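Participant: Pasting protein.txt below, which is compact mmCIF, C-alpha atoms.
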# COMPACT_ATOMS: atom_id res chain seq x y z
CA MET A 28 82.34 99.43 141.86
CA LYS A 29 83.75 95.98 142.56
CA ILE A 30 87.17 96.34 144.20
CA VAL A 31 89.59 93.63 145.30
CA VAL A 32 91.80 94.64 148.23
CA ILE A 33 94.99 92.60 148.57
CA GLY A 34 96.86 92.14 151.85
CA GLY A 35 96.54 92.47 155.60
CA GLY A 36 98.80 95.38 156.50
CA ASN A 37 98.05 98.91 157.63
CA GLY A 38 97.16 100.19 154.17
CA SER A 39 95.02 97.19 153.27
CA TYR A 40 92.94 97.60 156.41
CA ALA A 41 92.44 101.30 155.67
CA ALA A 42 91.59 100.59 152.03
CA ALA A 43 89.02 97.92 152.83
CA ALA A 44 87.34 100.15 155.42
CA ASP A 45 87.25 103.27 153.23
CA PHE A 46 85.99 101.48 150.13
CA ALA A 47 83.29 99.66 152.07
CA GLU A 48 82.09 102.87 153.72
CA ALA A 49 81.98 104.54 150.29
CA GLY A 50 79.55 101.85 149.13
CA HIS A 51 81.85 99.80 146.92
CA ASP A 52 81.61 96.01 146.67
CA VAL A 53 84.81 95.04 148.52
CA ARG A 54 86.44 91.63 148.13
CA TRP A 55 89.26 91.43 150.69
CA TRP A 56 91.92 88.74 150.15
CA ARG A 57 95.33 87.97 151.61
CA ARG A 58 97.80 85.21 150.98
CA ASN A 59 97.43 83.71 154.47
CA ALA A 60 93.68 83.42 154.89
CA SER A 61 93.99 82.11 158.46
CA ASP A 62 95.27 85.55 159.49
CA PHE A 63 91.77 86.86 158.82
CA ALA A 64 90.21 84.64 161.49
CA GLU A 65 89.52 87.48 163.93
CA VAL A 66 88.10 89.75 161.21
CA THR A 67 85.82 86.97 160.03
CA LYS A 68 84.65 86.24 163.57
CA ALA A 69 83.98 89.93 164.24
CA GLY A 70 82.22 90.45 160.91
CA GLY A 71 84.49 93.34 160.02
CA ILE A 72 86.80 95.86 161.64
CA VAL A 73 86.61 99.07 163.66
CA VAL A 74 87.97 102.20 161.98
CA THR A 75 88.95 105.33 163.89
CA ASP A 76 89.52 108.70 162.24
CA PHE A 77 88.51 112.35 162.71
CA LYS A 78 84.85 111.24 162.73
CA GLY A 79 85.44 108.92 165.70
CA SER A 80 85.33 105.12 165.96
CA ARG A 81 82.79 102.91 164.22
CA PRO A 82 82.41 99.34 162.95
CA VAL A 83 82.68 98.58 159.25
CA LYS A 84 81.21 95.33 157.97
CA LEU A 85 83.65 93.32 155.88
CA VAL A 86 83.74 89.69 154.81
CA PRO A 87 87.25 88.53 153.88
CA THR A 88 87.64 85.74 151.35
CA ASP A 89 90.17 83.03 150.66
CA ASP A 90 88.83 82.46 147.12
CA LEU A 91 90.89 84.73 144.86
CA ALA A 92 89.23 83.51 141.66
CA ALA A 93 85.79 84.45 142.99
CA ALA A 94 87.09 87.77 144.29
CA MET A 95 88.60 88.68 140.92
CA SER A 96 85.53 87.74 138.89
CA GLY A 97 83.87 90.91 137.65
CA ALA A 98 86.21 93.20 139.61
CA GLU A 99 87.22 96.47 137.98
CA LEU A 100 89.99 97.54 140.35
CA ILE A 101 92.57 95.55 142.33
CA VAL A 102 94.26 97.60 145.05
CA ALA A 103 97.47 96.17 146.52
CA PRO A 104 98.88 98.47 149.25
CA THR A 105 101.36 95.76 150.23
CA PRO A 106 105.13 95.88 150.78
CA ALA A 107 106.95 95.91 147.45
CA ASN A 108 108.74 92.67 148.29
CA ALA A 109 105.36 90.88 148.08
CA GLN A 110 104.67 92.02 144.52
CA ALA A 111 106.25 89.09 142.68
CA ASP A 112 104.25 86.53 144.65
CA ILE A 113 101.05 88.56 144.26
CA ALA A 114 101.65 88.72 140.50
CA ASP A 115 101.91 84.93 140.41
CA LYS A 116 98.63 84.62 142.31
CA LEU A 117 96.79 87.16 140.14
CA ALA A 118 98.05 86.03 136.72
CA PRO A 119 95.52 83.21 136.13
CA HIS A 120 92.58 85.44 137.07
CA MET A 121 93.23 88.72 135.23
CA ALA A 122 90.58 89.87 132.74
CA ASP A 123 90.46 92.53 130.04
CA GLY A 124 89.90 96.04 131.34
CA GLN A 125 90.98 95.43 134.91
CA VAL A 126 93.36 97.82 136.68
CA ILE A 127 95.85 96.98 139.42
CA PHE A 128 96.78 99.91 141.67
CA LEU A 129 100.01 99.87 143.68
CA PRO A 130 100.12 102.63 146.28
CA PRO A 131 103.10 103.06 146.19
CA GLY A 132 104.79 100.78 143.69
CA THR A 133 108.62 101.09 143.59
CA PHE A 134 108.36 100.17 139.88
CA GLY A 135 106.37 97.11 140.86
CA SER A 136 104.10 97.81 137.89
CA TYR A 137 106.84 96.70 135.50
CA ILE A 138 107.92 93.75 137.64
CA MET A 139 104.37 92.45 138.04
CA MET A 140 103.43 92.95 134.40
CA LYS A 141 106.60 91.21 133.21
CA ARG A 142 106.03 88.31 135.60
CA MET A 143 102.38 87.86 134.61
CA ARG A 144 103.21 87.95 130.91
CA ALA A 145 105.91 85.33 131.49
CA ALA A 146 103.30 83.19 133.24
CA GLY A 147 101.15 83.27 130.11
CA CYS A 148 98.64 85.96 131.10
CA THR A 149 97.33 87.59 127.90
CA ALA A 150 94.58 89.78 129.40
CA ASP A 151 94.52 93.43 128.33
CA PHE A 152 94.92 95.12 131.72
CA ALA A 153 96.85 98.01 133.25
CA ILE A 154 98.94 98.49 136.37
CA ALA A 155 99.26 101.91 137.99
CA GLU A 156 101.45 103.18 140.80
CA THR A 157 101.58 106.34 142.87
CA GLY A 158 103.92 108.14 145.22
CA THR A 159 102.64 107.20 148.66
CA LEU A 160 100.22 105.11 150.64
CA PRO A 161 96.90 106.99 150.46
CA TRP A 162 96.48 106.84 154.23
CA LEU A 163 98.61 107.76 157.23
CA THR A 164 97.40 104.76 159.19
CA ARG A 165 98.27 102.13 161.76
CA LYS A 166 96.52 98.93 162.78
CA GLN A 167 95.68 98.93 166.48
CA SER A 168 94.85 95.21 166.52
CA GLN A 169 93.73 92.50 164.11
CA THR A 170 90.26 94.09 164.05
CA GLU A 171 91.06 97.81 164.47
CA VAL A 172 92.71 100.47 162.32
CA ARG A 173 93.29 104.18 162.94
CA ILE A 174 93.55 106.61 160.01
CA SER A 175 95.28 109.87 160.92
CA THR A 176 94.72 111.47 157.52
CA ARG A 177 94.13 110.63 153.88
CA ALA A 178 96.01 111.70 150.76
CA SER A 179 94.51 114.53 148.75
CA ARG A 180 96.93 114.32 145.80
CA LEU A 181 98.14 111.04 144.32
CA PRO A 182 100.42 111.46 141.26
CA THR A 183 99.81 108.24 139.34
CA GLY A 184 101.60 106.64 136.39
CA VAL A 185 100.15 103.79 134.34
CA LEU A 186 101.66 100.81 132.51
CA PRO A 187 101.08 100.83 129.60
CA ALA A 188 100.87 104.61 129.47
CA ARG A 189 98.58 104.44 126.42
CA LYS A 190 95.88 103.18 128.80
CA THR A 191 96.31 106.11 131.20
CA GLU A 192 92.93 107.76 130.63
CA ALA A 193 90.94 104.55 131.07
CA ALA A 194 92.94 103.43 134.12
CA ILE A 195 92.76 106.81 135.84
CA ALA A 196 88.99 106.91 135.31
CA ILE A 197 88.63 103.60 137.18
CA ILE A 198 91.05 104.43 140.02
CA SER A 199 89.40 107.83 140.50
CA GLN A 200 86.14 106.14 141.44
CA ALA A 201 87.91 104.77 144.52
CA PHE A 202 89.86 107.97 145.23
CA PRO A 203 87.62 110.87 144.11
CA ASP A 204 89.46 114.09 143.27
CA ALA A 205 92.83 112.73 144.44
CA ILE A 206 94.35 111.02 141.39
CA GLU A 207 96.64 113.14 139.21
CA LYS A 208 97.86 111.53 136.01
CA ILE A 209 101.57 111.65 135.21
CA GLU A 210 103.69 110.39 132.32
CA ASP A 211 104.16 106.67 132.92
CA ALA A 212 104.95 104.00 135.49
CA LEU A 213 108.62 104.97 135.86
CA SER A 214 107.54 108.54 136.58
CA GLY A 215 105.20 107.07 139.19
CA ALA A 216 108.04 105.06 140.72
CA LEU A 217 110.18 108.20 140.94
CA MET A 218 107.42 109.91 142.95
CA ASN A 219 107.77 107.33 145.73
CA ALA A 220 108.29 109.24 148.98
CA GLY A 221 109.36 106.29 151.13
CA PRO A 222 112.93 106.08 149.76
CA ILE A 223 113.35 109.81 150.44
CA ILE A 224 111.77 110.30 153.85
CA HIS A 225 112.70 107.06 155.65
CA PRO A 226 116.42 106.39 154.91
CA PRO A 227 117.68 109.56 156.65
CA LEU A 228 115.20 109.08 159.49
CA ILE A 229 116.28 105.54 160.36
CA LEU A 230 119.99 105.78 159.56
CA MET A 231 120.59 109.11 161.28
CA ASN A 232 118.52 107.90 164.26
CA ALA A 233 120.11 104.43 164.35
CA GLY A 234 121.54 104.95 167.86
CA PRO A 235 118.26 105.96 169.53
CA ILE A 236 116.34 103.31 167.57
CA GLU A 237 118.59 100.56 168.90
CA HIS A 238 118.82 102.05 172.40
CA PHE A 239 115.19 102.82 173.18
CA GLU A 240 112.34 100.30 173.15
CA ARG A 241 110.21 102.84 171.26
CA TRP A 242 111.24 105.86 169.24
CA ASP A 243 109.29 108.29 167.05
CA ILE A 244 111.40 109.06 164.01
CA HIS A 245 108.86 111.67 162.90
CA ASN A 246 108.79 113.59 166.18
CA GLU A 247 112.01 113.76 168.22
CA GLY A 248 113.75 111.94 165.36
CA THR A 249 113.14 114.74 162.86
CA GLN A 250 115.77 117.41 163.47
CA PRO A 251 117.14 120.19 161.20
CA ALA A 252 120.22 118.18 160.21
CA ILE A 253 118.05 115.32 159.03
CA ARG A 254 115.76 117.66 157.13
CA ARG A 255 118.79 119.06 155.31
CA VAL A 256 119.71 115.55 154.20
CA HIS A 257 116.10 115.00 153.11
CA THR A 258 116.35 118.05 150.89
CA ALA A 259 119.67 117.03 149.34
CA LEU A 260 118.39 113.49 148.69
CA ASP A 261 115.14 114.75 147.22
CA ASN A 262 117.00 117.16 144.94
CA GLU A 263 118.80 114.14 143.48
CA ARG A 264 115.45 112.41 142.86
CA ILE A 265 114.13 115.50 141.10
CA ALA A 266 117.30 115.79 138.98
CA ILE A 267 116.83 112.16 137.89
CA ARG A 268 113.21 112.86 136.95
CA GLU A 269 114.21 115.91 134.93
CA ALA A 270 116.97 113.99 133.13
CA LEU A 271 114.31 111.52 131.99
CA GLY A 272 112.13 114.35 130.72
CA TYR A 273 109.48 114.11 133.45
CA GLY A 274 107.86 117.42 134.24
CA ALA A 275 106.76 119.27 137.34
CA PRO A 276 105.16 119.07 139.77
CA HIS A 277 107.78 116.78 141.29
CA PHE A 278 106.13 116.82 144.75
CA PRO A 279 109.26 117.85 146.70
CA LEU A 280 109.29 116.37 150.17
CA ALA A 281 109.82 119.83 151.69
CA ASP A 282 106.16 120.52 150.89
CA HIS A 283 105.18 117.75 153.31
CA TYR A 284 106.70 119.77 156.15
CA GLU A 285 106.29 123.35 154.98
CA THR A 286 103.21 123.78 152.74
CA SER A 287 99.81 122.32 151.95
CA ASN A 288 100.85 121.27 148.43
CA TRP A 289 102.12 117.77 149.15
CA MET A 290 100.29 114.46 148.78
CA TYR A 291 98.67 114.50 152.22
CA GLY A 292 97.72 118.17 152.13
CA ASN A 293 97.89 120.54 155.07
CA LEU A 294 99.24 119.70 158.54
CA ALA A 295 99.86 116.05 157.63
CA HIS A 296 103.13 115.86 159.53
CA ASP A 297 101.50 117.38 162.59
CA LYS A 298 98.68 114.84 162.43
CA LEU A 299 101.19 112.01 162.08
CA VAL A 300 103.13 113.13 165.15
CA GLY A 301 100.00 113.99 167.11
CA SER A 302 98.51 110.51 166.73
CA GLY A 303 101.35 108.90 168.70
CA ASP A 304 101.06 105.82 166.48
CA TRP A 305 104.59 106.22 165.14
CA HIS A 306 106.14 106.14 168.62
CA GLU A 307 106.94 102.51 168.05
CA HIS A 308 109.45 99.71 168.23
CA LEU A 309 111.66 99.44 165.15
CA GLU A 310 113.79 96.40 164.43
CA LEU A 311 116.34 98.31 162.42
CA LYS A 312 117.76 95.52 160.26
CA THR A 313 114.45 93.91 159.31
CA HIS A 314 111.89 96.74 159.36
CA ARG A 315 110.27 97.59 156.04
CA TYR A 316 111.89 101.05 156.16
CA MET A 317 115.19 99.21 155.73
CA GLN A 318 114.25 96.23 153.60
CA GLU A 319 111.67 97.97 151.39
CA ASP A 320 112.32 101.70 151.35
CA ILE A 321 116.10 101.29 151.21
CA GLY A 322 116.69 97.76 149.90
CA LEU A 323 114.18 98.20 147.10
CA GLY A 324 113.32 101.90 146.80
CA LEU A 325 116.61 103.67 147.49
CA ALA A 326 118.61 101.02 145.64
CA PHE A 327 116.31 101.54 142.66
CA LEU A 328 116.70 105.32 142.81
CA VAL A 329 120.49 105.05 142.89
CA SER A 330 120.47 102.63 139.96
CA VAL A 331 118.23 104.88 137.85
CA GLY A 332 120.53 107.82 138.57
CA GLU A 333 123.52 105.82 137.42
CA TRP A 334 121.55 104.58 134.38
CA VAL A 335 120.84 108.12 133.16
CA GLY A 336 124.15 109.60 134.32
CA VAL A 337 122.86 111.83 137.12
CA PRO A 338 125.21 112.13 140.13
CA CYS A 339 123.49 111.06 143.35
CA PRO A 340 126.20 111.03 146.05
CA VAL A 341 123.76 111.44 148.97
CA ALA A 342 121.62 108.54 147.82
CA GLN A 343 124.71 106.41 147.18
CA GLY A 344 126.15 107.26 150.60
CA LEU A 345 122.93 106.44 152.44
CA LEU A 346 122.66 103.16 150.54
CA ALA A 347 126.24 102.23 151.49
CA VAL A 348 125.61 103.04 155.17
CA ALA A 349 122.38 101.04 155.11
CA GLU A 350 124.19 98.01 153.69
CA ALA A 351 126.70 98.20 156.53
CA VAL A 352 123.98 98.61 159.18
CA SER A 353 121.75 95.85 157.82
CA GLU A 354 124.55 93.55 156.64
CA CYS A 355 122.73 93.22 153.32
CA ASP A 356 123.96 93.70 149.75
CA PHE A 357 121.12 95.79 148.37
CA ARG A 358 122.91 96.51 145.10
CA LYS A 359 123.09 92.79 144.40
CA ASP A 360 119.88 91.54 145.97
CA GLY A 361 117.65 94.63 146.04
CA ARG A 362 115.65 96.27 143.28
CA THR A 363 117.82 97.95 140.66
CA MET A 364 117.78 98.47 136.92
CA VAL A 365 120.10 95.46 136.75
CA THR A 366 117.83 93.15 138.73
CA VAL A 367 114.73 94.22 136.79
CA GLY A 368 116.59 93.59 133.53
CA LEU A 369 116.68 97.11 132.05
CA ALA A 370 120.19 98.36 132.81
CA ASP A 371 121.44 97.68 129.27
CA GLN A 372 118.46 99.34 127.60
CA ASP A 373 118.43 102.89 126.25
CA PRO A 374 116.19 105.17 128.38
CA ALA A 375 114.24 106.35 125.34
CA MET A 376 113.54 102.75 124.32
CA VAL A 377 112.42 101.89 127.86
CA GLN A 378 110.03 104.83 127.90
CA THR A 379 108.60 103.72 124.56
CA MET A 380 108.03 100.25 126.01
CA LEU A 381 106.38 101.75 129.07
CA ARG A 382 104.02 103.67 126.79
CA GLU A 383 103.09 100.78 124.52
CA GLY A 384 103.29 97.89 127.01
CA LEU A 385 105.09 94.59 127.38
Let's see the structure in the file written out as structure tokens.

Facilitator:
Amino acid sequence: MKIVVIGGGNGSYAAAADFAEAGHDVRWWRRNASDFAEVTKAGGIVVTDFKGSRPVKLVPTDDLAAAMSGAELIVAPTPANAQADIADKLAPHMADGQVIFLPPGTFGSYIMMKRMRAAGCTADFAIAETGTLPWLTRKQSQTEVRISTRASRLPTGVLPARKTEAAIAIISQAFPDAIEKIEDALSGALMNAGPIIHPPLILMNAGPIEHFERWDIHNEGTQPAIRRVHTALDNERIAIREALGYGAPHFPLADHYETSNWMYGNLAHDKLVGSGDWHEHLELKTHRYMQEDIGLGLAFLVSVGEWVGVPCPVAQGLLAVAEAVSECDFRKDGRTMVTVGLADQDPAMVQTMLREGL
């Protein structure tokens, strides 16, 4: 299958390596092509996982039109704050039948579709989003990536939902046996684990993060008090999903720590901690855990709760603390039902639109 991989972050490196090793025709593109200079010079990257370290041949491209031509799947494991610009870049090149996959999306499916339609794109395509990045992974350098584990369950919603079967069939070729279809793109957005796991970890560890040069929020930073906040926050997410009529499984975060039922399967947290890759420097105010998982993801969760009338005091409290810590107004400038333009719409009407398309 011809797959376009967008971006140059941890997930994009892992995606390009995995798809190439699986025999797919990979076209790897990022907005700043000069950042690929070392990959181009090396002729690819080195991937390290449970099998060991090995080179993977990859040829990045700066020609997006050529990359998109004939592609069936476009995978964009980029930060959510890049989605609007990526939509602008993709809009002139989209073709009927193509699928964009956002792992995860933070309701980026709606934002990107709306933006591309406004730009005049009339292609009959779909955008899907899931609940987590399909890899626990970290770049070791510009030509090296380490993958600690891979997701085994990826609950995935599609926009428009009427194209779910066709879109899931395409995405499943890249992620065999992992994709699980769910109701629609909003259901997919409300599976996003980042706004549940990371806000308590960075806000309740703010002192150590700012004091120590490196700190592992998943190891010494994960204590029983923080886990209790995780559970309370996740219960609010699940209550919001249920109020919108979305069914189980809701992939409760507790399963990540306590069972083998979560998205990464068994022992994922142990593998994450054991790798040592998350013992890292965190710039608290600017890190993506703050600006993406809170400023976009948690702000969105709070706004959806308010939209459907579900109390979410833990989420609201964490968002307020994060705004004070970061000195940002995430309710005004982040991703909310107001900023995406749906706050005044009836939930049933929005779900109909998500089924039929923009």

Participant: Excluding stretch 318-331 of chain A and any residue of its chain fewer than 5 positions from it, enumerate the residues within 9 Å of it, using all atoms listed in the file, and give them as a count of residues only.

Facilitator: 42

Participant: For the atom pair atom CA of A:Ala122 and atom CA of A:Glu192, what is the interatomic distance in Å to one decimal place?

Facilitator: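 Taking atom CA of A:Ala122 and atom CA of A:Glu192, their separation equals 18.2 Å.
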
Participant: Measure the distance from atom CA of A:Gly368 to atom CA of A:Val126 in Å and round it to one decimal.

Facilitator: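 Atom-to-atom, atom CA of A:Gly368 and atom CA of A:Val126 are spaced 23.8 Å apart.
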
Participant: If we count all atoms listed in the file, what is near A:Ile195 at a cut-off of 9 Å, once residues fewer than 3 positions away on the same chain are taken out, given as a VMD selection string?

Facilitator: chain A and resid 155 183 to 185 190 to 192 198 to 200 206 to 208

Participant: For atom CA of A:Glu65 and atom CA of A:Val86, determine how far apart the two atoms are, in Å to one decimal place.

Facilitator: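 These two atoms are separated by 11.0 Å.
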
Participant: Name all residues at most 10 Å from A:Ala275 (count only C-alpha atoms; drop same-chain ones fewer than 4 positions away) and give them as a list in words.

Facilitator: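 Residues meeting the cut-off are Ile209, Ile265, Arg268, Glu269 and Pro279 of chain A.
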
Participant: Find the residues around A:Asp123 up to 8 Å (only C-alpha atoms counted), leave out those fewer than 4 positions away in its own chain, and share them as an MDAnalysis selection string.

Facilitator: chainID A and resid 150:152

Participant: Nearest to A:Gly38 among A:Val172, A:Val83, A:Val367, A:Val73, with distances taken over only C-alpha atoms: which residue is it?

Facilitator: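 Result for the nearest residue to A:Gly38: A:Val172.
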
Participant: Taking into account all atoms listed in the file, which residue in the set A:Phe77, A:Gly34, A:Thr67, A:Phe202 is nearest to A:His51?

Facilitator: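 Closest to A:His51 of all the choices is A:Phe202.
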
Participant: From the options A:Arg165, A:Gln125, A:Ala145, A:Ala94, which residue's atoms come nearest to A:Val74, counting only C-alpha atoms?

Facilitator: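 Ranked by minimum distance to A:Val74, first place goes to A:Arg165.
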
Participant: Skipping near chain neighbours, those fewer than 3 positions away, what residues fall within 10 Å of stretch 236-251 of chain A using all atoms listed in the file, listed as a PyMOL selection string?

Facilitator: chain A and resi 224-225+227-233+254-257+296-297+299-301+303-311

Participant: Write to file, as a PDB file, in the coordinates of the input, the residues of the selection just made, with C-alpha atoms.

Facilitator:
ATOM      1  CA  ILE A 224     111.770 110.300 153.850  1.00  0.00           C
ATOM      2  CA  HIS A 225     112.700 107.060 155.650  1.00  0.00           C
ATOM      3  CA  PRO A 227     117.680 109.560 156.650  1.00  0.00           C
ATOM      4  CA  LEU A 228     115.200 109.080 159.490  1.00  0.00           C
ATOM      5  CA  ILE A 229     116.280 105.540 160.360  1.00  0.00           C
ATOM      6  CA  LEU A 230     119.990 105.780 159.560  1.00  0.00           C
ATOM      7  CA  MET A 231     120.590 109.110 161.280  1.00  0.00           C
ATOM      8  CA  ASN A 232     118.520 107.900 164.260  1.00  0.00           C
ATOM      9  CA  ALA A 233     120.110 104.430 164.350  1.00  0.00           C
ATOM     10  CA  ARG A 254     115.760 117.660 157.130  1.00  0.00           C
ATOM     11  CA  ARG A 255     118.790 119.060 155.310  1.00  0.00           C
ATOM     12  CA  VAL A 256     119.710 115.550 154.200  1.00  0.00           C
ATOM     13  CA  HIS A 257     116.100 115.000 153.110  1.00  0.00           C
ATOM     14  CA  HIS A 296     103.130 115.860 159.530  1.00  0.00           C
ATOM     15  CA  ASP A 297     101.500 117.380 162.590  1.00  0.00           C
ATOM     16  CA  LEU A 299     101.190 112.010 162.080  1.00  0.00           C
ATOM     17  CA  VAL A 300     103.130 113.130 165.150  1.00  0.00           C
ATOM     18  CA  GLY A 301     100.000 113.990 167.110  1.00  0.00           C
ATOM     19  CA  GLY A 303     101.350 108.900 168.700  1.00  0.00           C
ATOM     20  CA  ASP A 304     101.060 105.820 166.480  1.00  0.00           C
ATOM     21  CA  TRP A 305     104.590 106.220 165.140  1.00  0.00           C
ATOM     22  CA  HIS A 306     106.140 106.140 168.620  1.00  0.00           C
ATOM     23  CA  GLU A 307     106.940 102.510 168.050  1.00  0.00           C
ATOM     24  CA  HIS A 308     109.450  99.710 168.230  1.00  0.00           C
ATOM     25  CA  LEU A 309     111.660  99.440 165.150  1.00  0.00           C
ATOM     26  CA  GLU A 310     113.790  96.400 164.430  1.00  0.00           C
ATOM     27  CA  LEU A 311     116.340  98.310 162.420  1.00  0.00           C
TER      28      LEU A 311
END

Participant: Using all atoms listed in the file, which residue out of A:Asp204, A:Gln110, A:Leu160, A:Asp89 lies closest to A:Lys141?

Facilitator: A:Gln110

Participant: For A:Ala178, which residue among A:Thr149, A:Ser302, A:Asn288, A:Gln372 is the nearest when counting all atoms listed in the file?

Facilitator: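 Of A:Thr149, A:Ser302, A:Asn288, A:Gln372, the one nearest A:Ala178 is A:Asn288, counting all atoms listed in the file.
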
Participant: Enumerate, as a list in words, the protein, DNA and RNA residues whose atoms approach (99.0, 98.5, 148.3) to within 8 Å, taking into account all atoms listed in the file and the coordinate frame of the file.

Facilitator: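 Residues found, by chain and rising number: Ile33, Gly34, Gly38, Ser39, Val102, Ala103, Pro104, Thr105, Pro106, Phe128, Leu129, Pro130, Pro131, Gly132 and Leu160 of chain A.
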
Participant: Would you list the residues near (101.5, 82.7, 146.3) (no more than 12 Å away, in the coordinates of the file, using only C-alpha atoms) as a ChimeraX atom specification?

Facilitator: /A:34,56-60,91,109-119

Participant: Would you mind telling me which residue in A:Pro187, A:Gly124, A:Gly147, A:Gly332 lies nearest to A:Glu383 when using only C-alpha atoms?

Facilitator: A:Pro187
